[in-house]
Amino acid sequence: MKKNIVAKIYVILIMLYLYVPIAVLMLMGFNKSRYNSMPFEFSLEWYRALISNTTLQKAALNSVVLAFVTGIICVILATLFILGERYTSNKLKLIFNSVSMMPMSIPWLIMGLSLLLLIRFFALSKSMFFVTAGHVVISLPYSLLVLKARVNSMDKSLEEMSASLGANAFTTFKRITFPAISPAMIAGGFLSFMISFDNFAISYFLMPAGVSTLPIEIQSSIKFGFTPEINAVSTIIICVSLICLAVVGLIMGFSFKTIFGGNSK
Amino acid sequence: MSEVILKNLTKKYGTNTVVDNINLKAENGKLVSILGPSGCGKTTTLRMIAGFEKPDSGEIFFDGRTVGTLPINKRNIGMVFQSYALFPHMTVEQNVSYGLEQRKVAPEQIKIWVNEALSLVHMEEYAKRKPKQLSGGQQQRVALARALVINPDVLLLDECLSALDKKLRVEMQVELRKILENTGVTTFFVTHDQEEAMTLSDIIVVMNNGKIEQCGTPFDIYERPATRFTAGFLGKANFFEGKVISSENNLVTINTKTGNITIPALNAKIDENILYIVRPEKIRFVSEGGIKGKIEHVTYSGNISLCSVNCGSQTIICEIQNTISGERAKKGDNVFIDWDCSESVKILGGD
């Protein structure tokens with residue numbers, strides 16, 4: 001009994017540790033004070049200010065588009081990679097796996113820097129193309145991870161059965177494999193989207209002049225003393241993410257498991 | 001429906017030869033069981049017939065045409081896996097239609113054939129259900145309907161009954177036999193269950209270590225095993241192995257590793273190395289004559305009792321029918337055992 005209470009308190013403390021900062025941030029978005037200070041006085045002023053802040057809006061839109069394109073590319077690449085990888089030898093599989101997961105263990109700062117140096121080396125100019133390419137490099141492992149779990153747990157005899165019933169490779173993919181892995185594709189794409197949306201380092205190094213993303217905008221606004229508009233925009237982002245997650249979960253039913261449980265069957 | 005011939009079929013994984021130069025012929029409409037312990041190459045053989053695995057050498061013929069170069073989806077085979085592999089996101093109806101759709105059959109015709117196939121396996125009422133909503137036995141039937149509806153040249157069943165419980169399995173065996181007799185499709189059935197192979201098959205192929213040990217009717221395989229492995233794998237058997245030292249009046253004395261023993265058997269040549277196989281149920285207790293021994297152990301299992309009889313140089317297992325209630329044999333009894341000399345199956349040169 002006593003042990004039970006201790007365990008509960010422990011869990012509550014962990015929860016507080018994880019979510020208090022976010023709660024404070026969201027709360028302060030509704031506070032009238034410009035400096036996030038007390039006393040709390042409810043106001044929608046900063047949300048109003050946001051409506052007229054086109055720089056921040058543009059940055060947010062850039063981020064969404066960038067993350068969306070990155071997510072789509074990552075899902076396509078990851079799906080092809082995982083499906084193809086099954087037909088290689090175990091030795092090759094091991095090599096592919098380690099190489100494809102490497103970007104997860106390399107600091108993004110170093111990754112960004114190296115990409116920048118590469119562009120300089122070939123005397124190219126920074127462009128959105130390279131930003132997207134950079135984001136794909138760091139986000140791809142997350143799509144791969146989710147898809148691999150699903151594909152590996154999939155009964156391979158389903159595809160064999162489809163072939164034995166006369167279906168060619170394309171039909172088998174369309175009618176058997178795709179329906180089986182589509183929840184994982186959405187979950188994997190969503191994860192890659194979030195990684196890209198959140199990314200500062202790669203964007204900072206590669207972004208062409210005059211374009212910015214939300215993380216860059218937030219970073220630069222701190223330099224000039226930021227207003228709770230940032231809180232407001234963060235709150236909106238968190239809410240939109242949660243809604244997205246819920247919608248994905250509702251549509252796919254079991255995809256929460258795919259996202260958080262790793263291996264769902 | 002076709003005749004299937006496997007010719008010098010070999011499959012290697014690295015240096016490991018899984019299927020070693022096998023030759024096999026399945027006549028039109030016959031049910032051939034491939035029986036063997038796990039790792040004997042039976043599933044690999046089946047997968048080569050299906051086209052999932054490419055043989056390293058040898059050929060496969062359906063009705064005289066070689067299918068070695070044909071991809072799986074052009075072979076016109078029906079397949080049932082141990083896991084059934086029903087498409088989880090499709091209804092029973094959609095599962096069964098799948099193969100016909102690939103063959104570009106008209107939708108009205110598909111409907112008719114799917115209904116026929118489902119009624120063949122008594123699953124018409126479940127047409128709209130998803131596989132998850134069916135029991136193991138029902139899934140099994142759907143898988144069978146899906147494989148049969150395309151009117152395959154060859155039906156391949158991979159341990160397809162082993163996931164069912166014992167009672168259901170026996171029911172399905174009888175039903176499967178009936179269905180297959182009605183459709184008359186040439187069938188290969190992979191199993192490790194000897195009883196199942198006996199009940200179902202026209203022909204049993206016993207495999208071990210990638211090679212065919214024996215191929216014959218269930219009767220032949222059981223009553224006239226050609227190797228020690230076959231005899232030991234199908235049912236119980238007593239083995240008497242050694243050099244013949246005397247043979248007269250259908251009584252053969254063999255010098256085994258553990259000593260001499262005289263058993264009833266058709267006369268053999270002196271000095272020949274020989275292996276005799278005797279099934280325990282052929283052995284009877286007699287009041288005198290025969291081999292003298294002492295019962296070491298009795299295992300009662302309802303209709304029969306298994307007795308281990310120590311006959312000096314060897315322990316012989318006898319199976320006695322419990323035709324009357326009451327104890328017919330007990331531990332420590334001194335008994336005489338005998339059997340008809342023609343029941344001793346002779347294999348020259350031992351193994």
# chains A, B, ... in the order shown; residues from 1 in each chain; ligands from 1

call {"tool": "select_by_dssp", "arguments": {"residues": "stretch 7-229 of chain A", "states": "helix (DSSP H, G or I)", "output": "MDAnalysis selection string"}}
result
chainID A and resid 7:28 45:52 54:85 90:105 108:121 128:153 156:164 169:198 201:206 214:223 229

call {"tool": "interface_residues", "arguments": {"of": "chain A", "to": "chain B", "cutoff": "7 Å", "atoms": "only C-alpha atoms", "output": "list in words"}}
result
Ser157, Leu158, Met161, Ala163, Ser164, Leu165, Gly166, Ala167 and Asn168 of chain A

call {"tool": "select_by_dssp", "arguments": {"residues": "stretch 136-181 of chain B", "states": "strand (DSSP E or B)", "output": "PyMOL selection string"}}
result
chain B and resi 154-158

call {"tool": "residues_around", "arguments": {"residues": "stretch 40-46 of chain A", "least_positions_apart": "2", "cutoff": "8 Å", "atoms": "only C-alpha atoms", "output": "list in words"}}
result
Met28, Gly29, Phe30, Asn31, Lys32, Ser33, Ser37, Met38, Arg48, Ala49, Leu50, Thr227, Pro228, Glu229 and Ala232 of chain A

call {"tool": "write_last_selection", "arguments": {"atoms": "N, CA and C atoms", "output": "CSV table (one decimal), in the first residue's frame"}}
result
chain,number,residue,atom,x,y,z
A,28,MET,N,1.2,31.7,-20.1
A,28,MET,CA,1.7,33.0,-20.3
A,28,MET,C,1.3,33.7,-21.6
A,29,GLY,N,0.9,32.8,-22.5
A,29,GLY,CA,0.4,33.4,-23.8
A,29,GLY,C,-0.9,34.1,-23.6
A,30,PHE,N,-1.6,33.8,-22.5
A,30,PHE,CA,-2.8,34.5,-22.2
A,30,PHE,C,-2.7,35.6,-21.1
A,31,ASN,N,-1.4,35.9,-20.8
A,31,ASN,CA,-1.1,36.8,-19.7
A,31,ASN,C,-0.9,38.2,-20.4
A,32,LYS,N,-1.4,39.2,-19.8
A,32,LYS,CA,-1.3,40.5,-20.3
A,32,LYS,C,0.2,41.0,-20.3
A,33,SER,N,0.9,40.6,-19.3
A,33,SER,CA,2.3,41.1,-19.1
A,33,SER,C,3.2,40.8,-20.3
A,37,SER,N,5.6,38.0,-16.8
A,37,SER,CA,5.7,38.1,-15.3
A,37,SER,C,4.3,38.1,-14.7
A,38,MET,N,4.3,37.9,-13.4
A,38,MET,CA,3.1,37.9,-12.6
A,38,MET,C,2.7,39.3,-12.2
A,48,ARG,N,-4.1,38.4,-30.7
A,48,ARG,CA,-4.5,39.5,-31.6
A,48,ARG,C,-3.2,40.0,-32.4
A,49,ALA,N,-2.2,40.2,-31.6
A,49,ALA,CA,-0.9,40.7,-32.2
A,49,ALA,C,-0.4,39.7,-33.3
A,50,LEU,N,-0.7,38.4,-33.1
A,50,LEU,CA,-0.2,37.4,-34.0
A,50,LEU,C,-0.9,37.6,-35.4
A,227,THR,N,8.2,38.8,-27.4
A,227,THR,CA,7.0,39.0,-26.7
A,227,THR,C,6.2,37.7,-26.6
A,228,PRO,N,5.2,37.7,-25.8
A,228,PRO,CA,4.4,36.5,-25.6
A,228,PRO,C,3.7,36.0,-26.9
A,229,GLU,N,3.9,36.8,-28.0
A,229,GLU,CA,3.4,36.3,-29.3
A,229,GLU,C,4.0,34.9,-29.6
A,232,ALA,N,2.1,32.4,-27.8
A,232,ALA,CA,0.8,32.2,-28.5
A,232,ALA,C,1.0,31.2,-29.7

call {"tool": "residues_around", "arguments": {"residues": "stretch 18-33 of chain B", "least_positions_apart": "2", "cutoff": "7 Å", "atoms": "only C-alpha atoms", "output": "JSON, numbers by chain"}}
result
{"B": [1, 2, 3, 4, 5, 6, 7, 8, 9, 10, 11, 12, 13, 16, 35, 41, 45, 184, 185, 186, 187, 188, 189, 190, 197, 201, 202, 203, 204, 205, 210, 211, 212]}

call {"tool": "write_last_selection", "arguments": {"atoms": "C-alpha atoms", "output": "CSV table (one decimal), in the first residue's frame"}}
result
chain,number,residue,atom,x,y,z
B,1,MET,CA,-5.6,-31.0,-62.3
B,2,SER,CA,-2.4,-32.4,-63.5
B,3,GLU,CA,0.3,-34.9,-63.1
B,4,VAL,CA,3.3,-33.5,-61.2
B,5,ILE,CA,6.8,-34.7,-61.7
B,6,LEU,CA,9.8,-33.6,-59.7
B,7,LYS,CA,13.1,-34.5,-61.4
B,8,ASN,CA,16.5,-34.5,-59.7
B,9,LEU,CA,15.3,-31.5,-57.6
B,10,THR,CA,18.0,-30.0,-55.4
B,11,LYS,CA,18.1,-26.9,-53.2
B,12,LYS,CA,21.1,-25.7,-51.3
B,13,TYR,CA,21.3,-22.8,-48.7
B,16,ASN,CA,23.7,-26.9,-46.6
B,35,LEU,CA,6.1,-36.6,-44.3
B,41,GLY,CA,13.3,-30.5,-46.6
B,45,THR,CA,10.1,-29.1,-51.6
B,184,GLY,CA,-10.2,-34.3,-57.9
B,185,VAL,CA,-7.2,-31.9,-57.8
B,186,THR,CA,-3.7,-33.2,-57.5
B,187,THR,CA,-2.6,-32.3,-53.9
B,188,PHE,CA,0.6,-32.2,-52.0
B,189,PHE,CA,0.3,-32.2,-48.3
B,190,VAL,CA,3.2,-31.4,-46.1
B,197,ALA,CA,-0.6,-38.6,-43.4
B,201,SER,CA,-3.0,-39.8,-48.4
B,202,ASP,CA,-3.0,-41.9,-51.5
B,203,ILE,CA,0.7,-41.8,-51.5
B,204,ILE,CA,3.1,-41.0,-48.6
B,205,VAL,CA,6.6,-39.7,-49.3
B,210,GLY,CA,16.7,-33.8,-47.8
B,211,LYS,CA,16.3,-37.3,-49.3
B,212,ILE,CA,13.3,-39.5,-50.0

call {"tool": "residues_around", "arguments": {"residues": "A:Val65", "least_positions_apart": "4", "cutoff": "12 Å", "atoms": "only C-alpha atoms", "output": "ChimeraX atom specification"}}
result
/A:58-61,69-72,128,131-132,193-194,196-197,212-214

call {"tool": "write_last_selection", "arguments": {"atoms": "C-alpha atoms", "output": "PDB file, in the first residue's frame"}}
result
ATOM      1  CA  LYS A  58       5.178  33.419 -43.066  1.00  0.00           C
ATOM      2  CA  ALA A  59       7.810  31.587 -41.039  1.00  0.00           C
ATOM      3  CA  ALA A  60       5.180  29.229 -39.660  1.00  0.00           C
ATOM      4  CA  LEU A  61       3.842  28.536 -43.133  1.00  0.00           C
ATOM      5  CA  VAL A  69       7.401  17.897 -48.039  1.00  0.00           C
ATOM      6  CA  THR A  70      10.087  16.314 -45.856  1.00  0.00           C
ATOM      7  CA  GLY A  71       7.559  13.954 -44.294  1.00  0.00           C
ATOM      8  CA  ILE A  72       6.230  12.831 -47.694  1.00  0.00           C
ATOM      9  CA  MET A 128      15.297  25.548 -50.255  1.00  0.00           C
ATOM     10  CA  VAL A 131      17.296  22.725 -46.802  1.00  0.00           C
ATOM     11  CA  THR A 132      14.754  20.052 -47.734  1.00  0.00           C
ATOM     12  CA  PHE A 193       7.190  15.817 -40.056  1.00  0.00           C
ATOM     13  CA  MET A 194       7.647  16.683 -36.375  1.00  0.00           C
ATOM     14  CA  SER A 196      11.655  18.536 -39.531  1.00  0.00           C
ATOM     15  CA  PHE A 197       9.187  21.071 -38.130  1.00  0.00           C
ATOM     16  CA  SER A 212      13.038  31.737 -42.345  1.00  0.00           C
ATOM     17  CA  THR A 213      11.243  29.003 -40.493  1.00  0.00           C
ATOM     18  CA  LEU A 214       9.463  29.152 -37.200  1.00  0.00           C
TER      19      LEU A 214
END

call {"tool": "closest_residue", "arguments": {"among": "B:Pro131, B:Pro55, B:Gly312, B:Gly216", "to": "B:Glu93", "atoms": "only C-alpha atoms"}}
result
B:Pro131

call {"tool": "atom_distance", "arguments": {"atom1": "atom CA of B:Val92", "atom2": "atom CA of B:Arg129"}}
result
5.8 Å

call {"tool": "residues_around", "arguments": {"residues": "stretch 323-337 of chain B", "least_positions_apart": "5", "cutoff": "7 Å", "atoms": "only C-alpha atoms", "output": "PyMOL selection string"}}
result
chain B and resi 283-298

call {"tool": "atom_distance", "arguments": {"atom1": "atom CA of B:Thr91", "atom2": "atom CA of B:Cys160"}}
result
20.4 Å

call {"tool": "atom_distance", "arguments": {"atom1": "atom CA of A:Ala184", "atom2": "atom CA of A:Thr88"}}
result
21.9 Å

call {"tool": "closest_residue", "arguments": {"among": "B:Asn249, B:Ser344, B:Gln321, B:Ser119", "to": "B:Ile179", "atoms": "only C-alpha atoms"}}
result
B:Ser119

call {"tool": "closest_residue", "arguments": {"among": "B:Ala237, B:Ile304, B:Ala143, B:Leu266", "to": "B:Asn250", "atoms": "only C-alpha atoms"}}
result
B:Leu266

call {"tool": "decode", "arguments": {"residues": "stretch 56-93 of chain A", "atoms": "N, CA and C atoms", "output": "PDB file, in the first residue's frame"}}
result
ATOM      1  N   LEU A  56       5.995  36.283 -38.644  1.00  0.00           N
ATOM      2  CA  LEU A  56       5.844  35.035 -37.907  1.00  0.00           C
ATOM      3  C   LEU A  56       4.937  34.050 -38.661  1.00  0.00           C
ATOM      4  N   GLN A  57       3.892  34.601 -39.260  1.00  0.00           N
ATOM      5  CA  GLN A  57       2.966  33.758 -40.020  1.00  0.00           C
ATOM      6  C   GLN A  57       3.673  33.100 -41.206  1.00  0.00           C
ATOM      7  N   LYS A  58       4.464  33.920 -41.896  1.00  0.00           N
ATOM      8  CA  LYS A  58       5.178  33.419 -43.066  1.00  0.00           C
ATOM      9  C   LYS A  58       6.154  32.304 -42.646  1.00  0.00           C
ATOM     10  N   ALA A  59       6.850  32.575 -41.539  1.00  0.00           N
ATOM     11  CA  ALA A  59       7.810  31.587 -41.039  1.00  0.00           C
ATOM     12  C   ALA A  59       7.100  30.282 -40.689  1.00  0.00           C
ATOM     13  N   ALA A  60       5.932  30.423 -40.043  1.00  0.00           N
ATOM     14  CA  ALA A  60       5.180  29.229 -39.660  1.00  0.00           C
ATOM     15  C   ALA A  60       4.747  28.450 -40.895  1.00  0.00           C
ATOM     16  N   LEU A  61       4.279  29.182 -41.895  1.00  0.00           N
ATOM     17  CA  LEU A  61       3.842  28.536 -43.133  1.00  0.00           C
ATOM     18  C   LEU A  61       5.020  27.814 -43.799  1.00  0.00           C
ATOM     19  N   ASN A  62       6.171  28.512 -43.844  1.00  0.00           N
ATOM     20  CA  ASN A  62       7.383  27.890 -44.395  1.00  0.00           C
ATOM     21  C   ASN A  62       7.686  26.575 -43.690  1.00  0.00           C
ATOM     22  N   SER A  63       7.615  26.628 -42.367  1.00  0.00           N
ATOM     23  CA  SER A  63       7.927  25.439 -41.572  1.00  0.00           C
ATOM     24  C   SER A  63       6.987  24.295 -41.897  1.00  0.00           C
ATOM     25  N   VAL A  64       5.696  24.614 -41.981  1.00  0.00           N
ATOM     26  CA  VAL A  64       4.701  23.577 -42.249  1.00  0.00           C
ATOM     27  C   VAL A  64       4.959  22.951 -43.623  1.00  0.00           C
ATOM     28  N   VAL A  65       5.168  23.815 -44.639  1.00  0.00           N
ATOM     29  CA  VAL A  65       5.386  23.305 -45.988  1.00  0.00           C
ATOM     30  C   VAL A  65       6.650  22.446 -46.031  1.00  0.00           C
ATOM     31  N   LEU A  66       7.718  22.978 -45.436  1.00  0.00           N
ATOM     32  CA  LEU A  66       9.002  22.259 -45.417  1.00  0.00           C
ATOM     33  C   LEU A  66       8.838  20.890 -44.745  1.00  0.00           C
ATOM     34  N   ALA A  67       8.180  20.902 -43.572  1.00  0.00           N
ATOM     35  CA  ALA A  67       8.025  19.658 -42.818  1.00  0.00           C
ATOM     36  C   ALA A  67       7.137  18.672 -43.571  1.00  0.00           C
ATOM     37  N   PHE A  68       6.114  19.209 -44.237  1.00  0.00           N
ATOM     38  CA  PHE A  68       5.196  18.352 -44.973  1.00  0.00           C
ATOM     39  C   PHE A  68       5.917  17.654 -46.128  1.00  0.00           C
ATOM     40  N   VAL A  69       6.656  18.476 -46.909  1.00  0.00           N
ATOM     41  CA  VAL A  69       7.401  17.897 -48.039  1.00  0.00           C
ATOM     42  C   VAL A  69       8.413  16.879 -47.527  1.00  0.00           C
ATOM     43  N   THR A  70       9.111  17.238 -46.448  1.00  0.00           N
ATOM     44  CA  THR A  70      10.087  16.314 -45.856  1.00  0.00           C
ATOM     45  C   THR A  70       9.418  15.004 -45.442  1.00  0.00           C
ATOM     46  N   GLY A  71       8.276  15.144 -44.763  1.00  0.00           N
ATOM     47  CA  GLY A  71       7.559  13.954 -44.294  1.00  0.00           C
ATOM     48  C   GLY A  71       7.189  13.041 -45.451  1.00  0.00           C
ATOM     49  N   ILE A  72       6.648  13.631 -46.528  1.00  0.00           N
ATOM     50  CA  ILE A  72       6.230  12.831 -47.694  1.00  0.00           C
ATOM     51  C   ILE A  72       7.439  12.096 -48.299  1.00  0.00           C
ATOM     52  N   ILE A  73       8.523  12.870 -48.506  1.00  0.00           N
ATOM     53  CA  ILE A  73       9.722  12.264 -49.113  1.00  0.00           C
ATOM     54  C   ILE A  73      10.246  11.127 -48.221  1.00  0.00           C
ATOM     55  N   CYS A  74      10.270  11.391 -46.921  1.00  0.00           N
ATOM     56  CA  CYS A  74      10.787  10.378 -45.987  1.00  0.00           C
ATOM     57  C   CYS A  74       9.960   9.102 -46.051  1.00  0.00           C
ATOM     58  N   VAL A  75       8.645   9.230 -46.087  1.00  0.00           N
ATOM     59  CA  VAL A  75       7.788   8.040 -46.104  1.00  0.00           C
ATOM     60  C   VAL A  75       8.030   7.237 -47.373  1.00  0.00           C
ATOM     61  N   ILE A  76       8.104   7.952 -48.506  1.00  0.00           N
ATOM     62  CA  ILE A  76       8.309   7.232 -49.770  1.00  0.00           C
ATOM     63  C   ILE A  76       9.658   6.509 -49.747  1.00  0.00           C
ATOM     64  N   LEU A  77      10.705   7.242 -49.364  1.00  0.00           N
ATOM     65  CA  LEU A  77      12.039   6.629 -49.337  1.00  0.00           C
ATOM     66  C   LEU A  77      12.081   5.456 -48.354  1.00  0.00           C
ATOM     67  N   ALA A  78      11.512   5.675 -47.172  1.00  0.00           N
ATOM     68  CA  ALA A  78      11.577   4.639 -46.135  1.00  0.00           C
ATOM     69  C   ALA A  78      10.817   3.390 -46.570  1.00  0.00           C
ATOM     70  N   THR A  79       9.649   3.577 -47.183  1.00  0.00           N
ATOM     71  CA  THR A  79       8.849   2.432 -47.614  1.00  0.00           C
ATOM     72  C   THR A  79       9.605   1.611 -48.661  1.00  0.00           C
ATOM     73  N   LEU A  80      10.144   2.313 -49.661  1.00  0.00           N
ATOM     74  CA  LEU A  80      10.893   1.606 -50.703  1.00  0.00           C
ATOM     75  C   LEU A  80      12.093   0.886 -50.103  1.00  0.00           C
ATOM     76  N   PHE A  81      12.774   1.586 -49.201  1.00  0.00           N
ATOM     77  CA  PHE A  81      13.968   1.030 -48.578  1.00  0.00           C
ATOM     78  C   PHE A  81      13.644  -0.250 -47.812  1.00  0.00           C
ATOM     79  N   ILE A  82      12.629  -0.174 -46.966  1.00  0.00           N
ATOM     80  CA  ILE A  82      12.298  -1.307 -46.098  1.00  0.00           C
ATOM     81  C   ILE A  82      11.787  -2.502 -46.912  1.00  0.00           C
ATOM     82  N   LEU A  83      10.948  -2.202 -47.920  1.00  0.00           N
ATOM     83  CA  LEU A  83      10.410  -3.306 -48.713  1.00  0.00           C
ATOM     84  C   LEU A  83      11.509  -3.981 -49.532  1.00  0.00           C
ATOM     85  N   GLY A  84      12.435  -3.160 -50.044  1.00  0.00           N
ATOM     86  CA  GLY A  84      13.520  -3.715 -50.848  1.00  0.00           C
ATOM     87  C   GLY A  84      14.525  -4.463 -50.007  1.00  0.00           C
ATOM     88  N   GLU A  85      14.752  -3.933 -48.811  1.00  0.00           N
ATOM     89  CA  GLU A  85      15.775  -4.494 -47.928  1.00  0.00           C
ATOM     90  C   GLU A  85      15.508  -5.957 -47.571  1.00  0.00           C
ATOM     91  N   ARG A  86      14.224  -6.347 -47.581  1.00  0.00           N
ATOM     92  CA  ARG A  86      13.888  -7.724 -47.210  1.00  0.00           C
ATOM     93  C   ARG A  86      14.477  -8.751 -48.166  1.00  0.00           C
ATOM     94  N   TYR A  87      14.762  -8.301 -49.386  1.00  0.00           N
ATOM     95  CA  TYR A  87      15.253  -9.259 -50.371  1.00  0.00           C
ATOM     96  C   TYR A  87      16.772  -9.314 -50.439  1.00  0.00           C
ATOM     97  N   THR A  88      17.447  -8.653 -49.509  1.00  0.00           N
ATOM     98  CA  THR A  88      18.905  -8.694 -49.513  1.00  0.00           C
ATOM     99  C   THR A  88      19.391  -9.707 -48.479  1.00  0.00           C
ATOM    100  N   SER A  89      20.686 -10.008 -48.554  1.00  0.00           N
ATOM    101  CA  SER A  89      21.243 -10.979 -47.606  1.00  0.00           C
ATOM    102  C   SER A  89      21.324 -10.350 -46.214  1.00  0.00           C
ATOM    103  N   ASN A  90      21.457 -11.192 -45.213  1.00  0.00           N
ATOM    104  CA  ASN A  90      21.519 -10.699 -43.835  1.00  0.00           C
ATOM    105  C   ASN A  90      22.679  -9.742 -43.606  1.00  0.00           C
ATOM    106  N   LYS A  91      23.782 -10.022 -44.283  1.00  0.00           N
ATOM    107  CA  LYS A  91      24.972  -9.201 -44.097  1.00  0.00           C
ATOM    108  C   LYS A  91      24.720  -7.786 -44.628  1.00  0.00           C
ATOM    109  N   LEU A  92      24.145  -7.728 -45.836  1.00  0.00           N
ATOM    110  CA  LEU A  92      23.819  -6.433 -46.424  1.00  0.00           C
ATOM    111  C   LEU A  92      22.808  -5.690 -45.559  1.00  0.00           C
ATOM    112  N   LYS A  93      21.845  -6.447 -45.046  1.00  0.00           N
ATOM    113  CA  LYS A  93      20.797  -5.859 -44.214  1.00  0.00           C
ATOM    114  C   LYS A  93      21.415  -5.128 -43.028  1.00  0.00           C
TER     115      LYS A  93
END
